[in-house]
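Dropping model26.txt in here (compact mmCIF, C-alpha atoms and all ligand atoms):
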```txt
# COMPACT_ATOMS: atom_id res chain seq x y z
CA MET A 1 -49.51 64.16 -5.24
CA SER A 2 -47.99 64.59 -1.80
CA ASP A 3 -44.65 63.04 -0.95
CA GLU A 4 -44.51 59.47 0.32
CA ILE A 5 -42.98 58.94 3.76
CA GLY A 6 -40.42 56.28 4.62
CA PHE A 7 -39.41 55.30 8.17
CA VAL A 8 -36.29 53.27 8.99
CA GLY A 9 -35.73 51.93 12.53
CA LEU A 10 -38.81 50.79 14.47
CA GLY A 11 -37.38 50.32 17.96
CA ASN A 12 -38.40 51.82 21.30
CA MET A 13 -38.70 55.30 19.76
CA GLY A 14 -39.21 54.62 16.05
CA ARG A 15 -42.22 52.39 16.44
CA PRO A 16 -44.40 54.84 18.41
CA MET A 17 -43.29 57.69 16.14
CA ALA A 18 -44.25 55.72 13.00
CA GLU A 19 -47.57 54.98 14.70
CA ARG A 20 -48.09 58.71 15.34
CA LEU A 21 -47.74 59.27 11.57
CA ILE A 22 -50.34 56.55 10.96
CA GLY A 23 -52.59 58.21 13.54
CA ALA A 24 -52.20 61.50 11.64
CA GLY A 25 -53.55 59.85 8.48
CA HIS A 26 -50.30 58.82 6.72
CA ARG A 27 -49.28 55.37 5.48
CA PRO A 28 -45.52 55.32 6.01
CA ILE A 29 -43.37 52.79 4.18
CA VAL A 30 -41.36 51.16 6.96
CA HIS A 31 -38.15 49.19 7.18
CA ASP A 32 -36.29 47.59 10.09
CA ARG A 33 -33.73 44.83 10.06
CA SER A 34 -35.93 43.08 12.64
CA GLN A 35 -38.95 41.39 11.08
CA ALA A 36 -40.77 41.40 14.43
CA ALA A 37 -40.41 45.19 14.77
CA MET A 38 -41.77 45.63 11.21
CA SER A 39 -44.79 43.39 11.53
CA GLU A 40 -46.14 45.25 14.56
CA VAL A 41 -46.08 48.61 12.77
CA VAL A 42 -47.48 47.06 9.59
CA ALA A 43 -50.36 45.64 11.64
CA ALA A 44 -51.02 49.23 12.77
CA GLY A 45 -51.36 50.42 9.14
CA ALA A 46 -47.85 50.94 7.66
CA VAL A 47 -46.56 49.48 4.39
CA ALA A 48 -43.65 47.03 4.73
CA ALA A 49 -40.44 47.44 2.71
CA ALA A 50 -38.43 44.22 2.92
CA THR A 51 -35.28 46.07 1.85
CA LEU A 52 -34.00 49.63 2.10
CA GLU A 53 -34.00 49.82 -1.72
CA ALA A 54 -37.71 49.00 -1.79
CA LEU A 55 -38.26 51.97 0.53
CA THR A 56 -36.03 54.48 -1.31
CA ALA A 57 -37.72 53.52 -4.60
CA LYS A 58 -40.98 55.01 -3.29
CA ALA A 59 -40.38 57.49 -0.43
CA GLN A 60 -39.37 61.12 -1.01
CA THR A 61 -39.02 61.86 2.73
CA VAL A 62 -37.19 59.26 4.84
CA PHE A 63 -37.10 59.32 8.64
CA LEU A 64 -34.33 57.49 10.52
CA SER A 65 -34.56 56.37 14.17
CA LEU A 66 -31.45 54.21 14.53
CA PRO A 67 -29.34 53.27 17.56
CA THR A 68 -25.78 54.47 16.96
CA PRO A 69 -23.81 56.86 14.73
CA GLU A 70 -22.22 53.85 13.01
CA VAL A 71 -25.62 52.40 12.04
CA VAL A 72 -26.92 55.82 10.94
CA LEU A 73 -23.87 56.32 8.69
CA ALA A 74 -24.14 52.80 7.24
CA VAL A 75 -27.83 53.33 6.41
CA GLY A 76 -27.02 56.83 5.07
CA ARG A 77 -24.40 55.34 2.73
CA ALA A 78 -26.86 52.68 1.56
CA ILE A 79 -29.49 55.37 0.81
CA ALA A 80 -26.94 57.49 -1.07
CA GLY A 81 -25.89 54.38 -3.01
CA SER A 82 -29.45 53.64 -4.04
CA PRO A 83 -31.25 56.99 -3.72
CA GLY A 84 -34.40 56.10 -5.70
CA VAL A 85 -36.81 59.04 -5.32
CA VAL A 86 -35.49 60.28 -1.94
CA LYS A 87 -35.35 64.09 -1.66
CA ARG A 88 -34.59 64.43 2.04
CA VAL A 89 -33.63 62.38 5.08
CA VAL A 90 -34.82 63.41 8.54
CA ASP A 91 -32.56 61.91 11.19
CA LEU A 92 -34.35 61.52 14.54
CA SER A 93 -31.46 59.53 16.07
CA THR A 94 -28.82 60.81 18.46
CA THR A 95 -25.58 60.63 16.50
CA GLY A 96 -23.53 63.65 17.66
CA PRO A 97 -22.54 66.58 15.44
CA LYS A 98 -19.46 64.98 13.82
CA SER A 99 -21.35 62.00 12.41
CA GLU A 100 -24.34 64.15 11.48
CA MET A 101 -22.15 66.45 9.37
CA GLU A 102 -20.59 63.37 7.76
CA LEU A 103 -24.10 62.05 7.05
CA ALA A 104 -25.03 65.39 5.44
CA ASP A 105 -21.96 65.11 3.13
CA ILE A 106 -22.72 61.50 2.19
CA LEU A 107 -26.34 62.35 1.32
CA ALA A 108 -25.41 65.59 -0.49
CA GLY A 109 -23.30 63.46 -2.84
CA ALA A 110 -26.55 61.86 -4.00
CA GLY A 111 -28.47 65.16 -4.12
CA ILE A 112 -30.35 64.41 -0.87
CA ALA A 113 -30.85 67.04 1.86
CA LEU A 114 -30.55 66.26 5.58
CA VAL A 115 -32.74 67.60 8.35
CA ASP A 116 -31.00 66.82 11.65
CA SER A 117 -33.82 66.39 14.16
CA PRO A 118 -32.99 64.52 17.37
CA VAL A 119 -35.76 64.11 19.91
CA SER A 120 -36.17 64.23 23.69
CA GLY A 121 -38.96 62.92 25.89
CA GLY A 122 -38.54 59.15 25.94
CA VAL A 123 -40.88 56.38 24.86
CA ALA A 124 -43.81 57.90 26.77
CA GLY A 125 -43.33 61.19 24.90
CA ALA A 126 -43.07 59.34 21.58
CA LYS A 127 -46.37 57.55 22.27
CA LYS A 128 -48.19 60.72 23.36
CA GLY A 129 -46.72 62.99 20.69
CA SER A 130 -45.18 65.22 23.35
CA LEU A 131 -41.51 64.97 22.36
CA ALA A 132 -39.21 67.96 22.02
CA LEU A 133 -37.74 68.00 18.50
CA MET A 134 -34.62 70.00 17.77
CA ALA A 135 -34.36 70.60 14.03
CA ALA A 136 -31.45 71.87 11.95
CA GLY A 137 -31.41 71.80 8.17
CA PRO A 138 -32.02 73.82 5.00
CA LEU A 139 -35.10 76.02 5.50
CA ALA A 140 -37.09 74.72 2.51
CA HIS A 141 -36.64 71.10 3.63
CA PHE A 142 -37.33 71.99 7.25
CA GLU A 143 -40.59 73.65 6.18
CA ALA A 144 -41.52 70.63 4.08
CA VAL A 145 -41.27 68.30 7.09
CA GLU A 146 -42.35 70.61 9.92
CA PRO A 147 -46.01 69.46 9.80
CA LEU A 148 -44.87 65.81 9.95
CA LEU A 149 -42.54 66.53 12.87
CA GLY A 150 -45.50 68.20 14.58
CA ALA A 151 -47.11 64.75 14.90
CA PHE A 152 -44.24 63.80 17.26
CA GLY A 153 -44.30 66.87 19.51
CA LYS A 154 -43.00 70.42 19.84
CA VAL A 155 -40.63 71.43 17.03
CA ILE A 156 -37.90 73.95 17.77
CA ARG A 157 -35.74 75.15 14.87
CA ILE A 158 -32.10 75.33 15.91
CA ALA A 159 -30.10 76.26 12.81
CA GLU A 160 -29.62 75.91 9.06
CA GLU A 161 -26.66 73.51 9.33
CA PRO A 162 -27.22 69.83 10.23
CA GLY A 163 -25.15 68.93 13.31
CA LYS A 164 -26.19 71.95 15.40
CA ALA A 165 -29.36 70.20 16.61
CA GLN A 166 -27.19 67.28 17.68
CA VAL A 167 -25.12 69.62 19.87
CA MET A 168 -28.35 70.80 21.50
CA LYS A 169 -29.49 67.21 22.01
CA LEU A 170 -26.22 66.24 23.70
CA ILE A 171 -26.57 69.24 26.03
CA ASN A 172 -30.12 68.15 26.89
CA ASN A 173 -29.07 64.56 27.54
CA ILE A 174 -26.08 65.34 29.75
CA CYS A 175 -28.44 67.42 31.92
CA SER A 176 -30.96 64.57 32.03
CA ALA A 177 -28.29 61.95 32.84
CA ALA A 178 -26.68 64.13 35.54
CA ALA A 179 -30.10 64.72 37.12
CA LEU A 180 -30.72 60.98 37.25
CA ALA A 181 -27.26 60.26 38.67
CA ILE A 182 -27.38 62.80 41.51
CA THR A 183 -31.04 62.11 42.35
CA SER A 184 -30.25 58.37 42.51
CA GLU A 185 -27.34 59.00 44.89
CA ALA A 186 -29.46 61.25 47.09
CA MET A 187 -32.37 58.76 47.18
CA VAL A 188 -30.00 55.95 48.24
CA MET A 189 -28.64 58.19 50.99
CA GLY A 190 -32.15 58.98 52.24
CA ALA A 191 -33.24 55.34 52.13
CA LYS A 192 -30.18 54.33 54.17
CA ALA A 193 -31.09 57.01 56.72
CA GLY A 194 -34.54 55.40 56.98
CA LEU A 195 -36.60 57.94 54.99
CA ASP A 196 -39.63 56.74 53.00
CA PRO A 197 -38.76 56.97 49.26
CA ASP A 198 -42.25 58.23 48.32
CA VAL A 199 -42.02 60.97 50.94
CA MET A 200 -38.56 61.95 49.63
CA VAL A 201 -39.95 62.23 46.10
CA GLU A 202 -42.85 64.33 47.36
CA VAL A 203 -40.51 66.75 49.15
CA LEU A 204 -38.05 67.01 46.24
CA ASN A 205 -40.86 67.74 43.78
CA ALA A 206 -42.33 70.41 46.06
CA GLY A 207 -38.90 71.90 46.73
CA SER A 208 -35.80 73.15 44.96
CA GLY A 209 -34.34 69.64 44.54
CA ARG A 210 -36.83 68.77 41.81
CA THR A 211 -35.32 67.12 38.70
CA THR A 212 -36.70 65.13 35.77
CA ALA A 213 -35.58 62.08 37.76
CA SER A 214 -37.54 62.98 40.93
CA ALA A 215 -40.57 64.04 38.87
CA ASP A 216 -40.71 61.05 36.56
CA LYS A 217 -37.98 58.39 36.32
CA ILE A 218 -37.60 57.56 40.04
CA PRO A 219 -41.31 57.38 41.01
CA ARG A 220 -42.39 55.58 37.82
CA PHE A 221 -39.54 53.17 37.11
CA VAL A 222 -37.36 52.83 40.26
CA LEU A 223 -39.79 52.83 43.21
CA PRO A 224 -41.92 50.02 41.69
CA GLY A 225 -38.69 48.22 40.64
CA SER A 226 -39.86 47.87 37.03
CA PHE A 227 -36.83 49.61 35.45
CA ASP A 228 -38.67 49.85 32.11
CA PHE A 229 -38.28 53.51 31.13
CA GLY A 230 -37.26 52.21 27.68
CA PHE A 231 -33.80 53.70 27.08
CA ALA A 232 -30.94 51.19 27.06
CA ILE A 233 -27.93 52.06 29.24
CA ALA A 234 -25.60 51.46 26.26
CA LEU A 235 -27.44 54.11 24.20
CA SER A 236 -27.54 56.51 27.12
CA LEU A 237 -23.81 56.03 27.68
CA LYS A 238 -23.26 56.62 23.95
CA ASP A 239 -24.95 60.04 24.32
CA ILE A 240 -22.76 60.94 27.33
CA ARG A 241 -19.63 59.87 25.45
CA LEU A 242 -20.63 61.94 22.39
CA CYS A 243 -21.27 64.95 24.65
CA LEU A 244 -17.90 64.67 26.42
CA GLU A 245 -16.09 64.23 23.08
CA GLU A 246 -17.75 67.37 21.71
CA ALA A 247 -17.03 69.34 24.91
CA ASP A 248 -13.41 68.23 24.69
CA ARG A 249 -13.23 69.29 21.04
CA LEU A 250 -14.59 72.70 22.04
CA GLY A 251 -12.14 72.99 24.96
CA VAL A 252 -14.86 72.98 27.63
CA PRO A 253 -14.07 70.99 30.81
CA MET A 254 -16.93 68.80 32.04
CA MET A 255 -15.99 67.47 35.47
CA VAL A 256 -19.52 66.58 36.53
CA GLY A 257 -20.20 65.06 33.10
CA ASN A 258 -17.17 62.77 33.51
CA ALA A 259 -18.39 61.61 36.92
CA VAL A 260 -21.81 60.84 35.43
CA ARG A 261 -20.12 58.83 32.68
CA MET A 262 -18.37 56.69 35.32
CA LEU A 263 -21.64 55.77 37.04
CA PHE A 264 -23.27 54.88 33.70
CA SER A 265 -20.20 52.80 32.67
CA VAL A 266 -20.28 50.85 35.93
CA THR A 267 -24.00 50.17 35.45
CA LYS A 268 -23.45 48.90 31.91
CA ALA A 269 -20.55 46.68 33.06
CA ASP A 270 -22.62 45.30 35.95
CA PHE A 271 -26.08 44.93 34.42
CA GLY A 272 -25.36 44.65 30.67
CA ALA A 273 -25.80 46.87 27.60
CA ASP A 274 -29.58 46.32 27.50
CA ALA A 275 -30.14 47.34 31.12
CA ASP A 276 -32.50 50.29 31.44
CA MET A 277 -31.05 53.77 32.00
CA THR A 278 -32.94 53.97 35.33
CA GLU A 279 -30.85 51.06 36.64
CA VAL A 280 -27.96 53.46 37.40
CA ILE A 281 -29.31 53.45 40.96
CA ARG A 282 -28.63 49.72 41.36
CA PRO A 283 -24.81 49.79 41.81
CA LEU A 284 -25.31 52.63 44.33
CA GLU A 285 -27.90 50.55 46.17
CA ARG A 286 -25.56 47.58 46.31
CA TRP A 287 -22.64 49.61 47.62
CA ALA A 288 -24.88 51.16 50.29
CA GLY A 289 -26.63 47.89 51.15
CA VAL A 290 -30.13 49.34 50.74
CA GLU A 291 -32.87 49.38 48.06
CA VAL A 292 -34.95 52.41 47.08
CA ARG A 293 -38.36 50.83 46.54
CA ARG A 294 -41.97 51.74 47.33
CA ARG A 295 -42.97 50.57 50.80
CA LYS A 296 -45.76 48.03 50.87
CA GLU A 297 -49.11 49.21 52.23
CA ALA A 298 -49.34 48.32 55.95
P1 LIG B 301 -33.70 50.76 19.71
O1 LIG B 301 -32.43 49.99 19.81
O2 LIG B 301 -34.87 50.39 20.55
O3 LIG B 301 -34.22 50.77 18.17
C1 LIG B 301 -33.38 50.80 17.07
C2 LIG B 301 -34.06 50.06 15.91
O4 LIG B 301 -33.21 50.16 14.76
C3 LIG B 301 -34.26 48.57 16.18
O5 LIG B 301 -35.60 48.20 15.89
C4 LIG B 301 -33.27 47.88 15.24
O6 LIG B 301 -33.71 46.61 14.78
C5 LIG B 301 -33.20 48.89 14.12
N1 LIG B 301 -31.98 48.80 13.30
C6 LIG B 301 -30.71 48.67 13.74
N2 LIG B 301 -29.86 48.61 12.68
C7 LIG B 301 -30.63 48.71 11.58
C8 LIG B 301 -30.34 48.73 10.18
N3 LIG B 301 -29.09 48.64 9.73
N4 LIG B 301 -31.36 48.86 9.31
C9 LIG B 301 -32.64 48.93 9.75
N5 LIG B 301 -32.99 48.93 11.07
C10 LIG B 301 -31.98 48.82 11.96
O7 LIG B 301 -33.28 52.29 19.96
P2 LIG B 301 -34.24 53.50 20.47
O8 LIG B 301 -34.26 53.52 21.95
O9 LIG B 301 -35.51 53.46 19.68
O10 LIG B 301 -33.36 54.75 20.00
C11 LIG B 301 -33.26 55.15 18.64
C12 LIG B 301 -32.49 56.46 18.60
O11 LIG B 301 -33.22 57.46 19.34
C13 LIG B 301 -31.11 56.37 19.26
O12 LIG B 301 -30.20 57.16 18.53
C14 LIG B 301 -31.34 56.92 20.65
O13 LIG B 301 -30.15 57.46 21.22
C15 LIG B 301 -32.39 57.98 20.40
N6 LIG B 301 -33.29 58.30 21.53
C16 LIG B 301 -33.78 57.31 22.34
C17 LIG B 301 -34.64 57.66 23.39
C18 LIG B 301 -35.23 56.61 24.32
O14 LIG B 301 -35.77 56.99 25.39
N7 LIG B 301 -35.21 55.33 23.97
C19 LIG B 301 -34.99 58.99 23.60
C20 LIG B 301 -34.50 59.97 22.73
C21 LIG B 301 -33.64 59.60 21.70
```
For the file at hand, write its structure as structure tokens.
Ligand code: NAD
Amino acid sequence: MSDEIGFVGLGNMGRPMAERLIGAGHRPIVHDRSQAAMSEVVAAGAVAAATLEALTAKAQTVFLSLPTPEVVLAVGRAIAGSPGVVKRVVDLSTTGPKSEMELADILAGAGIALVDSPVSGGVAGAKKGSLALMAAGPLAHFEAVEPLLGAFGKVIRIAEEPGKAQVMKLINNICSAAALAITSEAMVMGAKAGLDPDVMVEVLNAGSGRTTASADKIPRFVLPGSFDFGFAIALSLKDIRLCLEEADRLGVPMMVGNAVRMLFSVTKADFGADADMTEVIRPLERWAGVEVRRRKEA
């Protein structure tokens, strides 16, 4: 009999990923502390576990998609304390290398392996199954879960040791955040000079100024003013902080990274922890006295 799959954390990312598993013919056993998050995935074909223990009693492979390192470690400790039939945990969250190595130790104490597998590509990528997955963990366990990870997107093996994939993820996210920050500044400048935002995006994407922000985040979530990319500013800031801490530990100066952190911190302070990542343009707009929005049809 093939292994049962558990999935803990059914938020912006976890829910569409659990639904991808259902779409691939699996019936994951799911758990979230929010009843509302659970019932939607159960309606799509998953099996509800009211408690974590109910899930670990049945699932050999357990995916985690949880918000912060603290929550991931707390859930990891609870799994290790009540391991049931769990053989391996696959952590899809962004926790940073230090916490991921701690998680590996906690789970190892209960004879459970860890595959560290953070993801990139946002909610849209999670829905389409076009995420980038960075996986680090013991080869046999990686091979056991590789076909499942394939339901989420492109799987790239990083290393044998959990934690290394987290380093790669932090590198990816600092690049993504910096691209959004500088593209937002440049768009505000252009708007103040009287340029049409859609024309600016068209030029950037045809030219050497193209970034993931000009290609996707600005035209889809800023120009219409919807700001619903689906990544909370608090979680995005957490990733930047984890990256800068790791760079500091390695003795690598990150001047641009620190400037990006400031803009994200100001946005969180101004618009709240749940504001969307794409709202980093809003403090810049206010300071400049201009908004970067799609012009209405004449
Ligand atoms: P989210 O806040 O939308 O979802 C987290 C879910 O975990 C929620 O449903 C919450 O109820 C649940 N949860 C919290 N504590 C729990 C607990 N103790 N037990 C069970 N469930 C619990 O977060 P998200 O945006 O889905 O992000 C999840 C992870 O993926 C984060 O580490 C984030 O950094 C990373 N990530 C997010 C994106 C994105 O675009 N949103 C992209 C890549 C990676």
All residues 10 Å or closer to Ala186 in chain A, all atoms listed in the file, same chain fewer than 4 positions away omitted, as a VMD selection string: chain A and resid 180 to 182 190 to 192 200 281 284
Residue neighbourhood Asp196 in chain A, 9 Å, only C-alpha atoms, exclusion window fewer than 2 positions, as a PyMOL selection string: chain A and resi 190-191+194+198-201+292-295
Within 12 Å of range 248-260 of chain A using all atoms listed in the file, minus same-chain residues under 6 positions, as a PyMOL selection string: chain A and resi 97-98+167+170-171+173-185+236-237+239-242+266-267+280-281
Could you make a table, as JSON lines, of the residues of chain A that have an atom within 8 Å of an atom of ligand LIG 301 (chain B), each with its nearest atom pair and distance in Å to one decimal, counting all atoms listed in the file, in chain and number order?
```
{"residue": "A:Val8", "atom": "CA", "partner": "B:LIG301", "partner_atom": "C9", "distance": 5.7}
{"residue": "A:Gly9", "atom": "CA", "partner": "B:LIG301", "partner_atom": "O4", "distance": 3.8}
{"residue": "A:Leu10", "atom": "CA", "partner": "B:LIG301", "partner_atom": "O5", "distance": 4.4}
{"residue": "A:Gly11", "atom": "CA", "partner": "B:LIG301", "partner_atom": "O3", "distance": 3.2}
{"residue": "A:Asn12", "atom": "CA", "partner": "B:LIG301", "partner_atom": "O9", "distance": 3.7}
{"residue": "A:Met13", "atom": "CA", "partner": "B:LIG301", "partner_atom": "O9", "distance": 3.7}
{"residue": "A:Gly14", "atom": "CA", "partner": "B:LIG301", "partner_atom": "O9", "distance": 5.3}
{"residue": "A:Arg15", "atom": "CA", "partner": "B:LIG301", "partner_atom": "O9", "distance": 7.5}
{"residue": "A:His31", "atom": "CA", "partner": "B:LIG301", "partner_atom": "C9", "distance": 6.1}
{"residue": "A:Asp32", "atom": "CA", "partner": "B:LIG301", "partner_atom": "N5", "distance": 3.7}
{"residue": "A:Arg33", "atom": "CA", "partner": "B:LIG301", "partner_atom": "C9", "distance": 4.3}
{"residue": "A:Ser34", "atom": "CA", "partner": "B:LIG301", "partner_atom": "O6", "distance": 4.7}
{"residue": "A:Ala37", "atom": "CA", "partner": "B:LIG301", "partner_atom": "O5", "distance": 5.8}
{"residue": "A:Leu52", "atom": "CA", "partner": "B:LIG301", "partner_atom": "N4", "distance": 7.7}
{"residue": "A:Ser65", "atom": "CA", "partner": "B:LIG301", "partner_atom": "C11", "distance": 4.8}
{"residue": "A:Leu66", "atom": "CA", "partner": "B:LIG301", "partner_atom": "O4", "distance": 4.4}
{"residue": "A:Pro67", "atom": "CA", "partner": "B:LIG301", "partner_atom": "C13", "distance": 4.0}
{"residue": "A:Thr68", "atom": "CA", "partner": "B:LIG301", "partner_atom": "O12", "distance": 5.4}
{"residue": "A:Pro69", "atom": "CA", "partner": "B:LIG301", "partner_atom": "O12", "distance": 7.4}
{"residue": "A:Val71", "atom": "CA", "partner": "B:LIG301", "partner_atom": "N3", "distance": 5.6}
{"residue": "A:Val72", "atom": "CA", "partner": "B:LIG301", "partner_atom": "N3", "distance": 7.6}
{"residue": "A:Ala74", "atom": "CA", "partner": "B:LIG301", "partner_atom": "N3", "distance": 6.9}
{"residue": "A:Val75", "atom": "CA", "partner": "B:LIG301", "partner_atom": "N3", "distance": 5.9}
{"residue": "A:Leu92", "atom": "CA", "partner": "B:LIG301", "partner_atom": "O11", "distance": 6.4}
{"residue": "A:Ser93", "atom": "CA", "partner": "B:LIG301", "partner_atom": "O12", "distance": 3.6}
{"residue": "A:Thr94", "atom": "CA", "partner": "B:LIG301", "partner_atom": "O12", "distance": 3.9}
{"residue": "A:Thr95", "atom": "CA", "partner": "B:LIG301", "partner_atom": "O12", "distance": 6.1}
{"residue": "A:Pro118", "atom": "CA", "partner": "B:LIG301", "partner_atom": "C21", "distance": 6.6}
{"residue": "A:Val119", "atom": "CA", "partner": "B:LIG301", "partner_atom": "C20", "distance": 5.2}
{"residue": "A:Ser120", "atom": "CA", "partner": "B:LIG301", "partner_atom": "C20", "distance": 4.7}
{"residue": "A:Gly121", "atom": "CA", "partner": "B:LIG301", "partner_atom": "C19", "distance": 6.0}
{"residue": "A:Gly122", "atom": "CA", "partner": "B:LIG301", "partner_atom": "O14", "distance": 3.6}
{"residue": "A:Val123", "atom": "CA", "partner": "B:LIG301", "partner_atom": "O14", "distance": 5.2}
{"residue": "A:Phe229", "atom": "CA", "partner": "B:LIG301", "partner_atom": "O14", "distance": 7.2}
{"residue": "A:Gly230", "atom": "CA", "partner": "B:LIG301", "partner_atom": "N7", "distance": 5.3}
{"residue": "A:Phe231", "atom": "CA", "partner": "B:LIG301", "partner_atom": "N7", "distance": 3.8}
{"residue": "A:Ala232", "atom": "CA", "partner": "B:LIG301", "partner_atom": "O8", "distance": 6.5}
{"residue": "A:Leu235", "atom": "CA", "partner": "B:LIG301", "partner_atom": "O13", "distance": 5.2}
{"residue": "A:Ser236", "atom": "CA", "partner": "B:LIG301", "partner_atom": "O13", "distance": 6.5}
{"residue": "A:Lys238", "atom": "CA", "partner": "B:LIG301", "partner_atom": "O13", "distance": 7.5}
{"residue": "A:Asp239", "atom": "CA", "partner": "B:LIG301", "partner_atom": "O13", "distance": 6.6}
```
Selected residue of minimal separation from Leu131 in chain A among A:Lys164, A:Arg27, A:Arg20, A:Lys87, counting all atoms listed in the file: A:Arg20
